[in-house]
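Trainee: Before I ask anything, let me first share the structure, which is written out below as structure tokens.
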Amino acid sequence: MAPHTQQLTRPAVQLRSLTRSFDERVVLDGIDLDIPAGQFVALLGHSGSGKSTLLRAVAGLDHEVTGSGQLTAPDRVSVVFQDSRLLPWRRVLANVLLGLDGREAEQKGREALAEVGLQGRERAWPSELSGGEQQRAALARSLVREPELLLADEPFGALDALTRIKMHNLLRELWERHRPSVLLVTHDVDEAIVLADRVLVLDRGRIGLDLTIDRPHPRTYRDPLLGEYRERLLAALGVTEDH
Ligand SMILES: Nc1ncnc2c1ncn2[C@@H]1O[C@H](COP(=O)(O)OP(=O)(O)OP(=O)(O)O)[C@@H](O)[C@H]1O
């Protein structure tokens, strides 16, 4: 079990020489990383580079792997996955409240659903929601727990391009309002630079590039000044624009 210690001082997440292996295969090879409280960080890397492994380690969900190193993360951590993981036999509000009881919790659940634009859908079944709405409900479920750290593993990967842009705006708005630290795993360089203030590239088990995106929000894909960041990230991923 990952050693999660209560952390009252900054940074929110601290990894020291974090190593994780599956059998003989080393996936994370001595990672050092600090994420200050309230920072929005995106994690890029090739398929199989270990992004999910890193996120699962920070979430304390990596029971199958062997590993070493030190890991500090806040107590209140929420995780959102590519698939909403709503329970099909529970209505939307009941899914959001899962494990929480009482009137106060219910009120917070209703407020969280309103925040993600699902007011009036409290009694719907998950199957009655679109993919984007299901991800909104998943975000509401994480919000209601007032996370200090939000971990998101390709949360918009299965959505169409238009819905994805709406979800980007929503996620950034929620972040502005609640200011959790965020670690967002994505394949999408544009998603990373539009949303995050800092982008990491995982390469051969290490952080190959740690890039601060110094542009104001809201950002759009068309911002020409984001082009330079895109190029640096693509180069770190071994992709050149003429391919
Ligand atoms: N439960 C497991 N058992 C054995 N090997 C695993 C397990 N989970 C992941 N791996 C291996 O660890 C490596 C990193 O996987 P991980 O899922 O972290 O990569 P990723 O960067 O998130 O990939 P993707 O972008 O495709 O989701 C891969 O080679 C994968 O095969």
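Identifiers in the structure tokens: chain A, B, ... in order shown; residue index from 1 per chain; ligand index from 1 in order shown.
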Taking only C-alpha atoms and all ligand atoms into account, which residues are within 9 Å of ligand 1, as an NGL selection string?

Mentor: :A and (20-23 or 25-28 or 44-56 or 62 or 64-65 or 153-154 or 185-187 or 202)

Trainee: Just to be explicit: take each residue in the selection above, keep N, CA and C atoms, and write the result as a PDB file, in the first residue's frame.

Mentor:
```pdb
ATOM      1  N   ARG A  20       8.129   1.877  -9.977  1.00  0.00           N
ATOM      2  CA  ARG A  20       7.065   0.887 -10.042  1.00  0.00           C
ATOM      3  C   ARG A  20       7.374  -0.100 -11.158  1.00  0.00           C
ATOM      4  N   SER A  21       7.213  -1.388 -10.876  1.00  0.00           N
ATOM      5  CA  SER A  21       7.510  -2.423 -11.869  1.00  0.00           C
ATOM      6  C   SER A  21       6.387  -3.434 -11.926  1.00  0.00           C
ATOM      7  N   PHE A  22       6.155  -3.952 -13.130  1.00  0.00           N
ATOM      8  CA  PHE A  22       5.278  -5.108 -13.288  1.00  0.00           C
ATOM      9  C   PHE A  22       6.196  -6.277 -13.609  1.00  0.00           C
ATOM     10  N   ASP A  23       6.213  -7.288 -12.793  1.00  0.00           N
ATOM     11  CA  ASP A  23       7.175  -8.381 -12.912  1.00  0.00           C
ATOM     12  C   ASP A  23       8.571  -7.773 -12.988  1.00  0.00           C
ATOM     13  N   ARG A  25       9.512  -5.738 -15.420  1.00  0.00           N
ATOM     14  CA  ARG A  25       9.488  -4.549 -16.271  1.00  0.00           C
ATOM     15  C   ARG A  25       9.324  -3.283 -15.437  1.00  0.00           C
ATOM     16  N   VAL A  26      10.373  -2.431 -15.509  1.00  0.00           N
ATOM     17  CA  VAL A  26      10.325  -1.166 -14.756  1.00  0.00           C
ATOM     18  C   VAL A  26       9.524  -0.148 -15.570  1.00  0.00           C
ATOM     19  N   VAL A  27       8.437   0.347 -15.000  1.00  0.00           N
ATOM     20  CA  VAL A  27       7.597   1.308 -15.717  1.00  0.00           C
ATOM     21  C   VAL A  27       7.894   2.734 -15.248  1.00  0.00           C
ATOM     22  N   LEU A  28       8.016   2.925 -13.949  1.00  0.00           N
ATOM     23  CA  LEU A  28       8.412   4.225 -13.407  1.00  0.00           C
ATOM     24  C   LEU A  28       9.769   4.039 -12.755  1.00  0.00           C
ATOM     25  N   LEU A  44       1.514  13.924 -20.204  1.00  0.00           N
ATOM     26  CA  LEU A  44       1.500  13.338 -21.536  1.00  0.00           C
ATOM     27  C   LEU A  44       2.523  12.213 -21.605  1.00  0.00           C
ATOM     28  N   GLY A  45       2.394  11.393 -22.618  1.00  0.00           N
ATOM     29  CA  GLY A  45       3.393  10.343 -22.833  1.00  0.00           C
ATOM     30  C   GLY A  45       2.823   9.346 -23.818  1.00  0.00           C
ATOM     31  N   HIS A  46       3.701   8.591 -24.458  1.00  0.00           N
ATOM     32  CA  HIS A  46       3.236   7.572 -25.396  1.00  0.00           C
ATOM     33  C   HIS A  46       2.392   6.544 -24.682  1.00  0.00           C
ATOM     34  N   SER A  47       1.607   5.825 -25.463  1.00  0.00           N
ATOM     35  CA  SER A  47       0.845   4.706 -24.932  1.00  0.00           C
ATOM     36  C   SER A  47       1.821   3.709 -24.294  1.00  0.00           C
ATOM     37  N   GLY A  48       1.559   3.333 -23.077  1.00  0.00           N
ATOM     38  CA  GLY A  48       2.422   2.375 -22.386  1.00  0.00           C
ATOM     39  C   GLY A  48       3.584   3.027 -21.661  1.00  0.00           C
ATOM     40  N   SER A  49       3.648   4.360 -21.654  1.00  0.00           N
ATOM     41  CA  SER A  49       4.787   5.034 -21.001  1.00  0.00           C
ATOM     42  C   SER A  49       4.641   5.049 -19.480  1.00  0.00           C
ATOM     43  N   GLY A  50       3.453   4.711 -18.976  1.00  0.00           N
ATOM     44  CA  GLY A  50       3.303   4.617 -17.519  1.00  0.00           C
ATOM     45  C   GLY A  50       2.455   5.714 -16.894  1.00  0.00           C
ATOM     46  N   LYS A  51       1.705   6.450 -17.716  1.00  0.00           N
ATOM     47  CA  LYS A  51       0.894   7.559 -17.188  1.00  0.00           C
ATOM     48  C   LYS A  51      -0.134   7.063 -16.174  1.00  0.00           C
ATOM     49  N   SER A  52      -0.878   6.021 -16.572  1.00  0.00           N
ATOM     50  CA  SER A  52      -1.898   5.500 -15.650  1.00  0.00           C
ATOM     51  C   SER A  52      -1.248   4.890 -14.416  1.00  0.00           C
ATOM     52  N   THR A  53      -0.097   4.284 -14.617  1.00  0.00           N
ATOM     53  CA  THR A  53       0.603   3.685 -13.474  1.00  0.00           C
ATOM     54  C   THR A  53       0.978   4.769 -12.457  1.00  0.00           C
ATOM     55  N   LEU A  54       1.428   5.921 -12.981  1.00  0.00           N
ATOM     56  CA  LEU A  54       1.789   7.029 -12.091  1.00  0.00           C
ATOM     57  C   LEU A  54       0.545   7.558 -11.369  1.00  0.00           C
ATOM     58  N   LEU A  55      -0.533   7.731 -12.140  1.00  0.00           N
ATOM     59  CA  LEU A  55      -1.764   8.253 -11.531  1.00  0.00           C
ATOM     60  C   LEU A  55      -2.306   7.286 -10.472  1.00  0.00           C
ATOM     61  N   ARG A  56      -2.259   5.997 -10.792  1.00  0.00           N
ATOM     62  CA  ARG A  56      -2.770   5.010  -9.829  1.00  0.00           C
ATOM     63  C   ARG A  56      -1.904   4.979  -8.567  1.00  0.00           C
ATOM     64  N   ASP A  62      -2.385   1.182  -6.509  1.00  0.00           N
ATOM     65  CA  ASP A  62      -1.455   0.356  -7.280  1.00  0.00           C
ATOM     66  C   ASP A  62      -1.018  -0.888  -6.516  1.00  0.00           C
ATOM     67  N   GLU A  64      -1.173  -3.987  -7.375  1.00  0.00           N
ATOM     68  CA  GLU A  64      -0.630  -5.124  -8.134  1.00  0.00           C
ATOM     69  C   GLU A  64       0.863  -4.996  -8.426  1.00  0.00           C
ATOM     70  N   VAL A  65       1.396  -3.808  -8.268  1.00  0.00           N
ATOM     71  CA  VAL A  65       2.772  -3.585  -8.712  1.00  0.00           C
ATOM     72  C   VAL A  65       3.735  -3.664  -7.531  1.00  0.00           C
ATOM     73  N   ASP A 153      -7.930  10.392 -15.440  1.00  0.00           N
ATOM     74  CA  ASP A 153      -7.226   9.525 -16.388  1.00  0.00           C
ATOM     75  C   ASP A 153      -7.988   9.513 -17.706  1.00  0.00           C
ATOM     76  N   GLU A 154      -7.560  10.318 -18.655  1.00  0.00           N
ATOM     77  CA  GLU A 154      -8.216  10.447 -19.967  1.00  0.00           C
ATOM     78  C   GLU A 154      -9.719  10.636 -19.827  1.00  0.00           C
ATOM     79  N   VAL A 185      -4.228  13.017 -16.899  1.00  0.00           N
ATOM     80  CA  VAL A 185      -3.530  12.187 -17.879  1.00  0.00           C
ATOM     81  C   VAL A 185      -4.243  12.317 -19.211  1.00  0.00           C
ATOM     82  N   THR A 186      -3.493  12.594 -20.252  1.00  0.00           N
ATOM     83  CA  THR A 186      -4.112  12.715 -21.575  1.00  0.00           C
ATOM     84  C   THR A 186      -3.132  12.309 -22.676  1.00  0.00           C
ATOM     85  N   HIS A 187      -3.707  11.905 -23.831  1.00  0.00           N
ATOM     86  CA  HIS A 187      -2.893  11.661 -25.030  1.00  0.00           C
ATOM     87  C   HIS A 187      -2.807  12.911 -25.887  1.00  0.00           C
ATOM     88  N   LEU A 202       6.074  12.053 -19.821  1.00  0.00           N
ATOM     89  CA  LEU A 202       6.681  10.862 -19.241  1.00  0.00           C
ATOM     90  C   LEU A 202       7.403  10.107 -20.353  1.00  0.00           C
TER      91      LEU A 202
END
```

Trainee: Taking the DSSP secondary structure from the backbone, can you list the residues of stretch 54-122 of chain A that are strand (DSSP E or B), as a PyMOL selection string?

Mentor: chain A and resi 66-72+77-80

Trainee: Can I get the selected residues back with N, CA and C atoms, as a CSV table (one decimal), in the first residue's frame?

Mentor:
```csv
chain,number,residue,atom,x,y,z
A,66,THR,N,5.0,-3.8,-7.9
A,66,THR,CA,6.0,-3.7,-6.8
A,66,THR,C,6.6,-2.3,-7.0
A,67,GLY,N,7.1,-1.8,-5.9
A,67,GLY,CA,7.7,-0.5,-6.0
A,67,GLY,C,8.4,0.0,-4.8
A,68,SER,N,9.0,1.2,-5.0
A,68,SER,CA,9.7,1.8,-3.8
A,68,SER,C,9.6,3.3,-4.0
A,69,GLY,N,10.1,4.0,-3.0
A,69,GLY,CA,10.1,5.5,-3.1
A,69,GLY,C,9.1,6.0,-2.1
A,70,GLN,N,9.1,7.4,-2.1
A,70,GLN,CA,8.2,8.0,-1.1
A,70,GLN,C,7.1,8.8,-1.9
A,71,LEU,N,5.9,8.7,-1.3
A,71,LEU,CA,4.8,9.4,-2.0
A,71,LEU,C,4.0,10.1,-0.9
A,72,THR,N,3.7,11.3,-1.1
A,72,THR,CA,2.8,12.1,-0.2
A,72,THR,C,1.7,12.6,-1.0
A,77,VAL,N,-8.8,12.7,-2.1
A,77,VAL,CA,-8.4,12.6,-3.5
A,77,VAL,C,-9.6,12.0,-4.2
A,78,SER,N,-9.9,12.6,-5.3
A,78,SER,CA,-11.0,12.0,-6.2
A,78,SER,C,-10.4,11.6,-7.5
A,79,VAL,N,-10.9,10.5,-8.1
A,79,VAL,CA,-10.4,10.0,-9.4
A,79,VAL,C,-11.5,10.0,-10.4
A,80,VAL,N,-11.2,10.5,-11.6
A,80,VAL,CA,-12.2,10.4,-12.7
A,80,VAL,C,-11.5,9.6,-13.8
```

Trainee: When distances are computed from only C-alpha atoms, which of A:Gly109, A:Gly120, A:Pro126, A:Pro74 shows the smallest separation from A:Arg91?

Mentor: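 Residue with the minimum atom-to-atom distance to A:Arg91: A:Pro126.
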
Trainee: Between atom CA of A:Glu191 and atom CA of A:Asp83, what is the distance in Å, rounded to a tenth?

Mentor: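 It comes out at 17.7 Å.
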
Trainee: Would you please work out which residue, of A:Leu170, A:Ala196, A:Leu98, A:Leu226, is nearest to A:Arg141 when using only C-alpha atoms?

Mentor: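 Distance minimum relative to A:Arg141 lands on A:Leu98.
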
Trainee: Could you pull out the alpha helix (DSSP H) residues of stretch 24-182 of chain A from DSSP and send them as a PyMOL selection string?

Mentor: chain A and resi 51-59+92-97+103-115+131-143+161-178

Trainee: With only C-alpha atoms as the basis for distance, which of A:Ala73, A:Leu237, A:Val41, A:Val96 is at the shortest distance from A:Leu183?

Mentor: A:Val41

Trainee: Pick the closest to A:Leu225 from A:Gly208, A:Val194, A:Met167, A:Leu149: which is it, counting only C-alpha atoms?

Mentor: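 Of A:Gly208, A:Val194, A:Met167, A:Leu149, the one nearest A:Leu225, counting only C-alpha atoms, is A:Val194.
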
Trainee: Can you tell me, as a list of chain:residue names, what residues are no more than 8 Å from A:Leu86 when counting only C-alpha atoms, ignoring any on the same chain fewer than 4 positions away?

Mentor: A:Arg90, A:Val92, A:Asn95, A:Pro126, A:Gln134, A:Ala138

Trainee: With C-alpha atoms retained, could you export that selection as a PDB file, in the first residue's frame?

Mentor:
```
ATOM      1  CA  ARG A  90     -28.618   3.725  -9.159  1.00  0.00           C
ATOM      2  CA  VAL A  92     -27.804   9.926 -10.997  1.00  0.00           C
ATOM      3  CA  ASN A  95     -24.444   7.744  -7.851  1.00  0.00           C
ATOM      4  CA  PRO A 126     -27.155   6.610 -16.039  1.00  0.00           C
ATOM      5  CA  GLN A 134     -22.224  10.732 -17.737  1.00  0.00           C
ATOM      6  CA  ALA A 138     -18.678  11.646 -12.682  1.00  0.00           C
TER       7      ALA A 138
END
```

Trainee: Taking only C-alpha atoms into account, which of A:Ile207, A:Val182, A:Ile165, A:Val199 comes nearest A:Ala37?

Mentor: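 Result for the nearest residue to A:Ala37: A:Val182.
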
Trainee: Smallest atom-to-atom distance to A:Gly38: which of A:Ser127, A:Ser17, A:Ser181, A:Gln107, using only C-alpha atoms?

Mentor: A:Ser181

Trainee: Skipping near chain neighbours, those fewer than 3 positions away, what residues fall within 12 Å of A:Val239 using only C-alpha atoms, listed as a PDB file with N, CA and C atoms, in the first residue's frame?

Mentor:
```pdb
ATOM      1  N   GLY A  45       2.394  11.393 -22.618  1.00  0.00           N
ATOM      2  CA  GLY A  45       3.393  10.343 -22.833  1.00  0.00           C
ATOM      3  C   GLY A  45       2.823   9.346 -23.818  1.00  0.00           C
ATOM      4  N   HIS A  46       3.701   8.591 -24.458  1.00  0.00           N
ATOM      5  CA  HIS A  46       3.236   7.572 -25.396  1.00  0.00           C
ATOM      6  C   HIS A  46       2.392   6.544 -24.682  1.00  0.00           C
ATOM      7  N   VAL A 189      -2.135  16.531 -26.924  1.00  0.00           N
ATOM      8  CA  VAL A 189      -1.243  17.662 -26.644  1.00  0.00           C
ATOM      9  C   VAL A 189      -2.050  18.962 -26.530  1.00  0.00           C
ATOM     10  N   ARG A 230       3.225  23.704 -28.194  1.00  0.00           N
ATOM     11  CA  ARG A 230       2.828  22.472 -28.882  1.00  0.00           C
ATOM     12  C   ARG A 230       4.052  21.829 -29.525  1.00  0.00           C
ATOM     13  N   GLU A 231       4.874  22.658 -30.190  1.00  0.00           N
ATOM     14  CA  GLU A 231       6.052  22.122 -30.871  1.00  0.00           C
ATOM     15  C   GLU A 231       7.022  21.478 -29.904  1.00  0.00           C
ATOM     16  N   ARG A 232       7.228  22.139 -28.781  1.00  0.00           N
ATOM     17  CA  ARG A 232       8.164  21.568 -27.789  1.00  0.00           C
ATOM     18  C   ARG A 232       7.654  20.247 -27.242  1.00  0.00           C
ATOM     19  N   LEU A 233       6.344  20.193 -27.034  1.00  0.00           N
ATOM     20  CA  LEU A 233       5.780  18.956 -26.491  1.00  0.00           C
ATOM     21  C   LEU A 233       5.823  17.838 -27.531  1.00  0.00           C
ATOM     22  N   LEU A 234       5.488  18.187 -28.766  1.00  0.00           N
ATOM     23  CA  LEU A 234       5.529  17.162 -29.818  1.00  0.00           C
ATOM     24  C   LEU A 234       6.957  16.656 -30.008  1.00  0.00           C
ATOM     25  N   ALA A 235       7.929  17.576 -29.926  1.00  0.00           N
ATOM     26  CA  ALA A 235       9.328  17.152 -30.067  1.00  0.00           C
ATOM     27  C   ALA A 235       9.709  16.214 -28.914  1.00  0.00           C
ATOM     28  N   ALA A 236       9.254  16.524 -27.712  1.00  0.00           N
ATOM     29  CA  ALA A 236       9.571  15.661 -26.565  1.00  0.00           C
ATOM     30  C   ALA A 236       8.920  14.287 -26.721  1.00  0.00           C
ATOM     31  N   ASP A 242       5.875  17.646 -39.607  1.00  0.00           N
ATOM     32  CA  ASP A 242       5.704  17.251 -40.997  1.00  0.00           C
ATOM     33  C   ASP A 242       5.320  15.776 -41.143  1.00  0.00           C
ATOM     34  N   HIS A 243       5.127  15.049 -40.047  1.00  0.00           N
ATOM     35  CA  HIS A 243       4.676  13.641 -40.170  1.00  0.00           C
ATOM     36  C   HIS A 243       3.181  13.564 -40.343  1.00  0.00           C
TER      37      HIS A 243
END
```

Trainee: Could you check how far atom CA of A:Ala152 sits from atom CA of A:Pro224, in Å to one decimal?

Mentor: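 Result for atom CA of A:Ala152 versus atom CA of A:Pro224: 27.2 Å, one decimal.
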
Trainee: What is the distance between atom CA of A:Ala12 and atom CA of A:Asp75, in Å to one decimal?

Mentor: 9.8 Å
